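What follows is start-v5.cif (mmCIF, C-alpha atoms (C1' of nucleotides)).
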data_query
loop_
_atom_site.group_PDB
_atom_site.id
_atom_site.type_symbol
_atom_site.label_atom_id
_atom_site.label_comp_id
_atom_site.auth_asym_id
_atom_site.auth_seq_id
_atom_site.Cartn_x
_atom_site.Cartn_y
_atom_site.Cartn_z
ATOM 1 C CA MET A 18 0.000 0.000 0.000
ATOM 2 C CA ASN A 19 1.233 3.430 -0.839
ATOM 3 C CA VAL A 20 1.689 6.330 1.481
ATOM 4 C CA GLU A 21 -0.639 8.439 -0.647
ATOM 5 C CA ALA A 22 -3.838 7.820 1.243
ATOM 6 C CA SER A 23 -5.544 11.164 1.802
ATOM 7 C CA THR A 24 -4.082 13.559 -0.766
ATOM 8 C CA ASP A 25 -1.874 13.057 -3.782
ATOM 9 C CA THR A 26 0.769 15.628 -2.919
ATOM 10 C CA VAL A 27 1.212 14.515 0.638
ATOM 11 C CA LYS A 28 3.946 15.784 2.813
ATOM 12 C CA ARG A 29 4.159 13.288 5.583
ATOM 13 C CA ASN A 30 4.703 15.898 8.247
ATOM 14 C CA GLY A 31 1.146 17.169 8.131
ATOM 15 C CA THR A 32 0.546 19.352 11.165
ATOM 16 C CA THR A 33 3.371 18.189 13.375
ATOM 17 C CA VAL A 34 5.037 21.116 15.046
ATOM 18 C CA CYS A 35 7.812 21.616 17.566
ATOM 19 C CA ALA A 36 7.889 22.568 21.196
ATOM 20 C CA PRO A 37 8.926 26.142 21.982
ATOM 21 C CA ALA A 38 12.567 26.807 21.236
ATOM 22 C CA GLU A 39 15.281 27.371 23.783
ATOM 23 C CA PRO A 40 17.063 30.728 23.885
ATOM 24 C CA MET A 41 20.552 31.007 22.424
ATOM 25 C CA PRO A 42 23.270 29.677 24.732
ATOM 26 C CA PRO A 43 25.960 32.219 25.630
ATOM 27 C CA VAL A 44 29.072 32.564 23.496
ATOM 28 C CA PRO A 45 31.970 31.338 25.661
ATOM 29 C CA THR A 46 34.304 34.047 26.863
ATOM 30 C CA ASP A 47 37.247 31.696 27.136
ATOM 31 C CA GLU A 48 38.829 31.314 23.734
ATOM 32 C CA ARG A 49 39.672 27.668 24.131
ATOM 33 C CA GLU A 50 36.078 26.883 24.990
ATOM 34 C CA ALA A 51 34.945 28.883 22.005
ATOM 35 C CA ASN A 52 37.323 26.924 19.792
ATOM 36 C CA ASP A 53 36.105 23.602 21.117
ATOM 37 C CA LEU A 54 32.491 24.594 20.693
ATOM 38 C CA LEU A 55 32.974 25.978 17.212
ATOM 39 C CA ALA A 56 34.865 22.843 16.205
ATOM 40 C CA ARG A 57 32.127 20.630 17.599
ATOM 41 C CA LEU A 58 29.412 22.491 15.732
ATOM 42 C CA ALA A 59 31.450 22.760 12.546
ATOM 43 C CA LYS A 60 31.940 19.011 12.646
ATOM 44 C CA ALA A 61 28.192 18.577 12.569
ATOM 45 C CA PHE A 62 28.124 20.602 9.357
ATOM 46 C CA ALA A 63 31.077 18.760 7.860
ATOM 47 C CA HIS A 64 28.976 16.500 5.650
ATOM 48 C CA PRO A 65 26.793 17.607 2.735
ATOM 49 C CA ALA A 66 23.938 15.335 3.765
ATOM 50 C CA ARG A 67 23.799 16.901 7.220
ATOM 51 C CA VAL A 68 23.818 20.373 5.740
ATOM 52 C CA ALA A 69 20.978 19.370 3.443
ATOM 53 C CA ILE A 70 19.027 17.888 6.338
ATOM 54 C CA LEU A 71 19.470 20.958 8.474
ATOM 55 C CA ARG A 72 18.382 23.168 5.602
ATOM 56 C CA MET A 73 15.227 21.098 5.201
ATOM 57 C CA LEU A 74 14.459 21.459 8.883
ATOM 58 C CA VAL A 75 15.054 25.198 8.829
ATOM 59 C CA ARG A 76 12.804 25.605 5.804
ATOM 60 C CA GLN A 77 9.769 23.728 6.942
ATOM 61 C CA GLU A 78 10.038 24.171 10.685
ATOM 62 C CA GLY A 79 9.784 20.549 11.715
ATOM 63 C CA CYS A 80 10.093 17.478 9.598
ATOM 64 C CA ILE A 81 9.418 13.751 9.621
ATOM 65 C CA VAL A 82 12.302 11.371 9.065
ATOM 66 C CA GLY A 83 10.526 9.816 6.112
ATOM 67 C CA ASP A 84 10.512 13.142 4.292
ATOM 68 C CA ILE A 85 14.252 13.374 4.668
ATOM 69 C CA VAL A 86 14.758 9.813 3.494
ATOM 70 C CA ASP A 87 12.716 10.696 0.414
ATOM 71 C CA GLU A 88 14.853 13.697 -0.429
ATOM 72 C CA VAL A 89 18.334 12.593 0.506
ATOM 73 C CA PRO A 90 19.746 9.723 -1.567
ATOM 74 C CA LEU A 91 21.008 7.648 1.322
ATOM 75 C CA ALA A 92 19.790 4.596 3.158
ATOM 76 C CA GLN A 93 17.373 5.136 6.032
ATOM 77 C CA SER A 94 19.870 3.861 8.566
ATOM 78 C CA THR A 95 22.529 6.234 7.309
ATOM 79 C CA ILE A 96 20.181 9.184 7.619
ATOM 80 C CA SER A 97 19.301 8.111 11.107
ATOM 81 C CA GLN A 98 23.000 8.212 11.946
ATOM 82 C CA HIS A 99 23.365 11.701 10.532
ATOM 83 C CA LEU A 100 20.335 12.822 12.520
ATOM 84 C CA LYS A 101 21.948 11.422 15.628
ATOM 85 C CA GLN A 102 25.091 13.456 15.010
ATOM 86 C CA LEU A 103 23.071 16.607 14.530
ATOM 87 C CA LYS A 104 21.156 15.839 17.700
ATOM 88 C CA ASP A 105 24.323 15.111 19.690
ATOM 89 C CA ALA A 106 25.674 18.466 18.558
ATOM 90 C CA GLY A 107 22.512 20.064 19.930
ATOM 91 C CA LEU A 108 21.488 21.453 16.568
ATOM 92 C CA ILE A 109 18.220 19.554 16.350
ATOM 93 C CA ARG A 110 15.717 17.926 18.622
ATOM 94 C CA GLY A 111 13.510 14.897 17.977
ATOM 95 C CA GLU A 112 9.970 14.535 19.227
ATOM 96 C CA VAL A 113 8.040 11.312 19.032
ATOM 97 C CA ASP A 114 4.749 11.597 17.186
ATOM 98 C CA GLY A 115 3.069 8.216 17.263
ATOM 99 C CA PRO A 116 5.129 5.805 15.213
ATOM 100 C CA ARG A 117 7.014 8.665 13.609
ATOM 101 C CA VAL A 118 9.585 11.136 14.866
ATOM 102 C CA CYS A 119 9.503 14.848 14.131
ATOM 103 C CA TYR A 120 12.854 16.560 14.089
ATOM 104 C CA CYS A 121 13.118 20.283 14.660
ATOM 105 C CA VAL A 122 15.930 22.768 14.490
ATOM 106 C CA GLU A 123 17.199 24.221 17.734
ATOM 107 C CA PRO A 124 17.351 27.818 16.533
ATOM 108 C CA GLY A 125 19.369 29.031 19.480
ATOM 109 C CA VAL A 126 22.200 26.643 18.772
ATOM 110 C CA VAL A 127 22.193 27.524 15.101
ATOM 111 C CA ALA A 128 22.347 31.175 16.113
ATOM 112 C CA LEU A 129 25.242 30.378 18.408
ATOM 113 C CA PHE A 130 27.068 28.747 15.530
ATOM 114 C CA LYS A 131 26.424 31.779 13.350
ATOM 115 C CA ALA A 132 27.696 34.056 16.091
ATOM 116 C CA LEU A 133 30.862 32.019 16.558
ATOM 117 C CA VAL A 134 31.555 32.012 12.840
ATOM 118 C CA ALA A 135 30.752 35.682 12.418
ATOM 119 C CA ALA A 136 33.220 36.473 15.202
ATOM 120 C CA LEU A 137 36.076 34.843 13.329
ATOM 121 C CA MET B 8 72.779 29.334 18.308
ATOM 122 C CA ASN B 9 69.481 30.676 19.450
ATOM 123 C CA VAL B 10 66.879 32.389 17.390
ATOM 124 C CA GLU B 11 67.076 35.453 19.584
ATOM 125 C CA ALA B 12 69.606 37.393 17.550
ATOM 126 C CA SER B 13 68.298 40.921 17.163
ATOM 127 C CA THR B 14 65.791 41.470 19.973
ATOM 128 C CA ASP B 15 64.866 39.577 23.085
ATOM 129 C CA THR B 16 61.112 39.498 22.603
ATOM 130 C CA VAL B 17 61.263 38.248 19.060
ATOM 131 C CA LYS B 18 58.268 37.164 17.181
ATOM 132 C CA ARG B 19 59.714 35.058 14.467
ATOM 133 C CA ASN B 20 57.485 36.530 11.844
ATOM 134 C CA GLY B 21 59.254 39.861 11.920
ATOM 135 C CA THR B 22 58.213 41.787 8.859
ATOM 136 C CA THR B 23 56.896 38.966 6.713
ATOM 137 C CA VAL B 24 53.673 39.959 5.071
ATOM 138 C CA CYS B 25 51.268 38.388 2.617
ATOM 139 C CA ALA B 26 50.564 38.980 -1.011
ATOM 140 C CA PRO B 27 47.390 40.913 -1.783
ATOM 141 C CA ALA B 28 44.257 38.951 -0.997
ATOM 142 C CA GLU B 29 41.889 37.461 -3.513
ATOM 143 C CA PRO B 30 38.321 38.734 -3.633
ATOM 144 C CA MET B 31 35.550 36.608 -2.151
ATOM 145 C CA PRO B 32 34.461 33.747 -4.437
ATOM 146 C CA PRO B 33 30.776 33.787 -5.324
ATOM 147 C CA VAL B 34 28.247 31.947 -3.192
ATOM 148 C CA PRO B 35 26.988 29.048 -5.325
ATOM 149 C CA THR B 36 23.455 29.423 -6.572
ATOM 150 C CA ASP B 37 22.924 25.687 -6.794
ATOM 151 C CA GLU B 38 21.967 24.421 -3.367
ATOM 152 C CA ARG B 39 23.817 21.153 -3.701
ATOM 153 C CA GLU B 40 27.006 22.987 -4.557
ATOM 154 C CA ALA B 41 26.453 25.297 -1.612
ATOM 155 C CA ASN B 42 26.011 22.288 0.640
ATOM 156 C CA ASP B 43 29.175 20.636 -0.617
ATOM 157 C CA LEU B 44 31.145 23.818 -0.229
ATOM 158 C CA LEU B 45 29.823 24.582 3.222
ATOM 159 C CA ALA B 46 30.534 21.020 4.311
ATOM 160 C CA ARG B 47 34.064 21.211 2.935
ATOM 161 C CA LEU B 48 34.784 24.465 4.754
ATOM 162 C CA ALA B 49 33.078 23.346 7.946
ATOM 163 C CA LYS B 50 35.248 20.239 7.931
ATOM 164 C CA ALA B 51 38.311 22.476 7.976
ATOM 165 C CA PHE B 52 36.953 24.070 11.158
ATOM 166 C CA ALA B 53 36.029 20.748 12.705
ATOM 167 C CA HIS B 54 39.085 20.561 14.949
ATOM 168 C CA PRO B 55 39.942 22.917 17.808
ATOM 169 C CA ALA B 56 43.590 23.152 16.784
ATOM 170 C CA ARG B 57 42.644 24.320 13.316
ATOM 171 C CA VAL B 58 40.286 26.904 14.730
ATOM 172 C CA ALA B 59 43.051 28.139 16.998
ATOM 173 C CA ILE B 60 45.502 28.296 14.096
ATOM 174 C CA LEU B 61 43.100 30.206 11.941
ATOM 175 C CA ARG B 62 42.397 32.634 14.732
ATOM 176 C CA MET B 63 46.119 33.255 15.122
ATOM 177 C CA LEU B 64 46.445 33.963 11.441
ATOM 178 C CA VAL B 65 43.483 36.301 11.439
ATOM 179 C CA ARG B 66 44.853 38.196 14.412
ATOM 180 C CA GLN B 67 48.366 38.837 13.261
ATOM 181 C CA GLU B 68 47.868 38.936 9.538
ATOM 182 C CA GLY B 69 50.534 36.437 8.505
ATOM 183 C CA CYS B 70 52.396 33.967 10.660
ATOM 184 C CA ILE B 71 55.401 31.688 10.644
ATOM 185 C CA VAL B 72 54.864 27.998 11.313
ATOM 186 C CA GLY B 73 57.247 28.115 14.250
ATOM 187 C CA ASP B 74 55.027 30.619 16.012
ATOM 188 C CA ILE B 75 52.104 28.255 15.708
ATOM 189 C CA VAL B 76 54.138 25.300 16.942
ATOM 190 C CA ASP B 77 55.067 27.394 19.967
ATOM 191 C CA GLU B 78 51.463 28.205 20.811
ATOM 192 C CA VAL B 79 49.631 25.001 19.982
ATOM 193 C CA PRO B 80 50.538 22.003 22.138
ATOM 194 C CA LEU B 81 51.000 19.541 19.298
ATOM 195 C CA ALA B 82 53.954 18.066 17.465
ATOM 196 C CA GLN B 83 55.348 20.023 14.537
ATOM 197 C CA SER B 84 54.343 17.332 12.069
ATOM 198 C CA THR B 85 50.794 17.332 13.371
ATOM 199 C CA ILE B 86 50.539 21.079 12.969
ATOM 200 C CA SER B 87 51.874 20.796 9.464
ATOM 201 C CA GLN B 88 49.084 18.360 8.704
ATOM 202 C CA HIS B 89 46.465 20.732 10.081
ATOM 203 C CA LEU B 90 47.947 23.541 8.018
ATOM 204 C CA LYS B 91 47.687 21.350 4.952
ATOM 205 C CA GLN B 92 44.020 20.747 5.585
ATOM 206 C CA LEU B 93 43.391 24.451 5.992
ATOM 207 C CA LYS B 94 45.314 25.098 2.794
ATOM 208 C CA ASP B 95 43.483 22.377 0.871
ATOM 209 C CA ALA B 96 40.217 23.964 1.955
ATOM 210 C CA GLY B 97 41.460 27.245 0.521
ATOM 211 C CA LEU B 98 41.281 29.038 3.845
ATOM 212 C CA ILE B 99 44.981 29.855 4.070
ATOM 213 C CA ARG B 100 47.907 30.295 1.764
ATOM 214 C CA GLY B 101 51.589 29.563 2.408
ATOM 215 C CA GLU B 102 54.426 31.661 1.083
ATOM 216 C CA VAL B 103 58.027 30.574 1.288
ATOM 217 C CA ASP B 104 60.263 33.061 3.063
ATOM 218 C CA GLY B 105 63.765 31.716 2.979
ATOM 219 C CA PRO B 106 63.904 28.579 5.096
ATOM 220 C CA ARG B 107 60.586 29.462 6.690
ATOM 221 C CA VAL B 108 57.022 29.526 5.470
ATOM 222 C CA CYS B 109 54.600 32.327 6.173
ATOM 223 C CA TYR B 110 50.946 31.329 6.261
ATOM 224 C CA CYS B 111 48.252 33.893 5.650
ATOM 225 C CA VAL B 112 44.489 33.814 5.839
ATOM 226 C CA GLU B 113 42.595 33.968 2.590
ATOM 227 C CA PRO B 114 40.042 36.520 3.747
ATOM 228 C CA GLY B 115 37.748 36.003 0.778
ATOM 229 C CA VAL B 116 37.277 32.340 1.556
ATOM 230 C CA VAL B 117 36.681 33.076 5.219
ATOM 231 C CA ALA B 118 34.100 35.634 4.136
ATOM 232 C CA LEU B 119 32.525 33.030 1.881
ATOM 233 C CA PHE B 120 32.257 30.657 4.812
ATOM 234 C CA LYS B 121 30.678 33.366 6.923
ATOM 235 C CA ALA B 122 28.218 34.122 4.147
ATOM 236 C CA LEU B 123 27.276 30.471 3.754
ATOM 237 C CA VAL B 124 26.737 30.080 7.480
ATOM 238 C CA ALA B 125 24.843 33.331 7.808
ATOM 239 C CA ALA B 126 22.529 32.171 5.026
ATOM 240 C CA LEU B 127 21.508 29.079 6.951
ATOM 241 C "C1'" DA C 5 81.149 22.248 1.000
ATOM 242 C "C1'" DA C 6 79.393 21.235 5.507
ATOM 243 C "C1'" DC C 7 76.111 22.429 8.881
ATOM 244 C "C1'" DG C 8 71.980 24.002 11.402
ATOM 245 C "C1'" DT C 9 67.340 25.632 10.992
ATOM 246 C "C1'" DT C 10 62.758 25.239 9.299
ATOM 247 C "C1'" DC C 11 59.113 22.947 7.528
ATOM 248 C "C1'" DA C 12 56.814 19.026 4.708
ATOM 249 C "C1'" DT C 13 56.202 14.298 3.962
ATOM 250 C "C1'" DC C 14 56.269 9.333 5.139
ATOM 251 C "C1'" DG C 15 55.025 5.405 7.821
ATOM 252 C "C1'" DT C 16 52.457 3.780 11.535
ATOM 253 C "C1'" DC C 17 48.872 3.123 14.823
ATOM 254 C "C1'" DG C 18 44.459 3.534 17.105
ATOM 255 C "C1'" DA C 19 40.144 6.054 16.816
ATOM 256 C "C1'" DT C 20 36.405 7.868 14.299
ATOM 257 C "C1'" DG C 21 33.376 8.514 10.170
ATOM 258 C "C1'" DT C 22 30.429 6.727 6.470
ATOM 259 C "C1'" DA C 23 27.799 3.576 4.263
ATOM 260 C "C1'" DC C 24 24.826 -0.483 4.004
ATOM 261 C "C1'" DG C 25 21.605 -4.400 5.266
ATOM 262 C "C1'" DA C 26 19.519 -6.749 9.038
ATOM 263 C "C1'" DT C 27 17.312 -6.654 13.135
ATOM 264 C "C1'" DG C 28 14.641 -4.666 16.949
ATOM 265 C "C1'" DA C 29 11.404 -1.527 19.424
ATOM 266 C "C1'" DA C 30 7.312 1.438 19.515
ATOM 267 C "C1'" DC C 31 3.143 2.558 17.763
ATOM 268 C "C1'" DG C 32 -1.562 2.624 15.247
ATOM 269 C "C1'" DC C 33 -4.818 -0.110 12.878
ATOM 270 C "C1'" DG C 34 -7.669 -3.901 11.564
ATOM 271 C "C1'" DC D 27 -3.963 -10.051 19.206
ATOM 272 C "C1'" DG D 28 -1.466 -9.864 14.945
ATOM 273 C "C1'" DC D 29 0.378 -6.857 11.404
ATOM 274 C "C1'" DG D 30 2.414 -3.182 8.877
ATOM 275 C "C1'" DT D 31 4.718 1.247 9.334
ATOM 276 C "C1'" DT D 32 8.312 4.039 11.117
ATOM 277 C "C1'" DC D 33 12.487 4.835 12.955
ATOM 278 C "C1'" DA D 34 16.722 3.497 15.866
ATOM 279 C "C1'" DT D 35 20.360 0.418 16.691
ATOM 280 C "C1'" DC D 36 23.613 -3.330 15.632
ATOM 281 C "C1'" DG D 37 27.171 -5.419 13.035
ATOM 282 C "C1'" DT D 38 30.277 -4.966 9.350
ATOM 283 C "C1'" DA D 39 33.502 -3.152 5.985
ATOM 284 C "C1'" DC D 40 36.262 0.409 4.242
ATOM 285 C "C1'" DA D 41 38.056 5.145 4.258
ATOM 286 C "C1'" DT D 42 39.665 9.073 6.623
ATOM 287 C "C1'" DC D 43 41.382 11.527 10.773
ATOM 288 C "C1'" DG D 44 44.711 12.607 14.303
ATOM 289 C "C1'" DA D 45 48.722 11.892 16.615
ATOM 290 C "C1'" DC D 46 53.589 10.894 16.782
ATOM 291 C "C1'" DG D 47 58.656 10.149 15.492
ATOM 292 C "C1'" DA D 48 61.722 9.760 11.696
ATOM 293 C "C1'" DT D 49 63.238 11.277 7.555
ATOM 294 C "C1'" DG D 50 63.848 14.419 3.661
ATOM 295 C "C1'" DA D 51 64.040 18.860 1.105
ATOM 296 C "C1'" DA D 52 65.065 23.820 0.905
ATOM 297 C "C1'" DC D 53 67.534 27.495 2.474
ATOM 298 C "C1'" DG D 54 71.075 30.657 4.934
ATOM 299 C "C1'" DT D 55 75.275 30.757 7.231
ATOM 300 C "C1'" DT D 56 79.838 29.724 8.181
#

What would you get if you wrote out this structure as structure tokens?
Amino acid sequence: MNVEASTDTVKRNGTTVCAPAEPMPPVPTDEREANDLLARLAKAFAHPARVAILRMLVRQEGCIVGDIVDEVPLAQSTISQHLKQLKDAGLIRGEVDGPRVCYCVEPGVVALFKALVAAL
Amino acid sequence: MNVEASTDTVKRNGTTVCAPAEPMPPVPTDEREANDLLARLAKAFAHPARVAILRMLVRQEGCIVGDIVDEVPLAQSTISQHLKQLKDAGLIRGEVDGPRVCYCVEPGVVALFKALVAAL
DNA sequence: AACGTTCATCGTCGATGTACGATGAACGCG
DNA sequence: CGCGTTCATCGTACATCGACGATGAACGTT
């Protein structure tokens, strides 16, 4: 059976939305801490698939894993691994929605990354 | 014989300066290219030592490898490897200065990285 | 020409990253 | 309850990273 049950241009995510976002964490004053943090966040962006995933999440403000699997040409397990890396870096958050999982950007952490890069 | 020949608070880099900088490369219009490029640059920042090195270079506008080896607690060969990665990413440029090598930031590429991140 | 200094490269080793298929856990539905 | 869907995790295989010491190449100095 196909996924197309209700409409023909379904986006799986439907109405799933995210919990309220956290505020932006502070930029470390200590330079070594700032370096470590920037490196950790940069590492999360160090793969094209993860950049693509994060862009998707930024665009549509919450997204089901299946949507990502449809758009990124990688196996489902591989995408799940990339999502885990993004989550471990604090850049995204996953919320269970029945049998599915909705991933959302953590805008504060993205803003922190932008701030760290802009301060280079 | 020590390096301290002329002054006692020597910075090895002395008067070594960099060639004029290149302008900022264009931000790719194709999203996949932008993702690849951002991932490639982010990977260069994905290690604290490389962030520290780049910060040094930004601060003092041109730097001798020995200065970096003095400030970063890693073996000389390891630092050379990190410099190579930064160079391969296009973020820095090395110019031979007698027996030494002066590394300089490529400000256009740094600006490109900032632009790509800011556009997230 | 011989030497010391400076830096890059090589070889090695363990750790981590990336990809996949297979399996498992959680959930809604019939 | 049994079943299909959805996603995470496991196990595996290969590539790359990150660190080091040792060696080599380029250069200035003596």

- Give the residues of chain C that lie within 8 Å of chain A; count only C-alpha atoms (C1' of nucleotides), and format the answer as an MDAnalysis selection string. chainID C and resid 22:24 30:32

Once you add 3 Å to each side, what are the centre and edge lengths of the axis-aligned box holding all listed atoms of region 71-82 of chain A? One decimal in Å, as lines of an AutoDock Vina configuration file, if you can.
center_x = 14.4
center_y = 18.5
center_z = 8.5
size_x = 16.1
size_y = 20.2
size_z = 12.5

Could the residues of chain B within 8 Å of chain A, counting all atoms listed in the file, be given as a PDB file with C-alpha atoms, keeping the file's coordinate frame, please?
ATOM      1  CA  ARG B  39      23.817  21.153  -3.701  1.00  0.00           C
ATOM      2  CA  ASN B  42      26.011  22.288   0.640  1.00  0.00           C
ATOM      3  CA  ASP B  43      29.175  20.636  -0.617  1.00  0.00           C
ATOM      4  CA  LEU B  45      29.823  24.582   3.222  1.00  0.00           C
ATOM      5  CA  ALA B  46      30.534  21.020   4.311  1.00  0.00           C
ATOM      6  CA  ARG B  47      34.064  21.211   2.935  1.00  0.00           C
ATOM      7  CA  LEU B  48      34.784  24.465   4.754  1.00  0.00           C
ATOM      8  CA  ALA B  49      33.078  23.346   7.946  1.00  0.00           C
ATOM      9  CA  LYS B  50      35.248  20.239   7.931  1.00  0.00           C
ATOM     10  CA  PHE B  52      36.953  24.070  11.158  1.00  0.00           C
ATOM     11  CA  ALA B  53      36.029  20.748  12.705  1.00  0.00           C
ATOM     12  CA  HIS B  54      39.085  20.561  14.949  1.00  0.00           C
ATOM     13  CA  PRO B  55      39.942  22.917  17.808  1.00  0.00           C
ATOM     14  CA  ALA B  56      43.590  23.152  16.784  1.00  0.00           C
ATOM     15  CA  VAL B  58      40.286  26.904  14.730  1.00  0.00           C
ATOM     16  CA  ALA B  59      43.051  28.139  16.998  1.00  0.00           C
ATOM     17  CA  ARG B  62      42.397  32.634  14.732  1.00  0.00           C
ATOM     18  CA  VAL B  65      43.483  36.301  11.439  1.00  0.00           C
ATOM     19  CA  LYS B 121      30.678  33.366   6.923  1.00  0.00           C
ATOM     20  CA  VAL B 124      26.737  30.080   7.480  1.00  0.00           C
ATOM     21  CA  ALA B 125      24.843  33.331   7.808  1.00  0.00           C
ATOM     22  CA  LEU B 127      21.508  29.079   6.951  1.00  0.00           C
TER      23      LEU B 127
END

- Do you know which residues the PyMOL selection byres ((chain D) within 8 of (chain A)) returns on this file, as number ranges by chain? D: 31-34

- Task: Give me the RMSD in Å over all C-alpha atoms, paired in order, after least-squares superposition of chain A onto chain B.
- Result: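 It comes to 0.4 Å after superposition.
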
- Item | Residues matched by the PyMOL selection byres ((chain B and resi 100) around 9) as a list in words | Cys25, Leu93, Lys94, Gly97, Leu98, Ile99, Gly101, Glu102, Cys109, Tyr110, Cys111, Val112 and Glu113 of chain B

- Quick one, how far is C1' of DA52 (chain D) from CA of Gly115 (chain B)?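 Here the two named atoms are 29.9 Å from each other.
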
Please identify every residue of chain C that has at least one atom no farther than 9 Å from an atom of region 42-45 of chain D, counting only C-alpha atoms (C1' of nucleotides), and for each give the shortest atom pair and the distance in Å to one decimal, arranged by chain then increasing number, as CSV.
residue,atom,partner,partner_atom,distance
C:DC17,C1',D:DA45,C1',9.0
C:DA19,C1',D:DC43,C1',8.2
C:DT20,C1',D:DC43,C1',7.1
C:DG21,C1',D:DT42,C1',7.2

- Find the spatial neighbours of DG37 (chain D), counting all atoms listed in the file, within a cut-off of 12 Å - ignore same-chain residues fewer than 2 positions away - and output them as a PyMOL selection string. (chain C and resi 24-27) or (chain D and resi 35+39)

- Message: With the PyMOL selection byres ((chain D and resi 48) around 9) as the selection, what would be picked from this file? Answer as a PyMOL selection string, please.
- Response: (chain C and resi 14-15) or (chain D and resi 47+49)

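Picture a line from CA of Ala38 (chain A) to CA of Val89 (chain A); it runs 25.8 Å.
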
- Task: Please measure the separation of CA of Ile86 (chain B) and CA of Gly69 (chain B), giving the value in Å to one decimal.
- Result: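 Here the two named atoms are 16.0 Å from each other.
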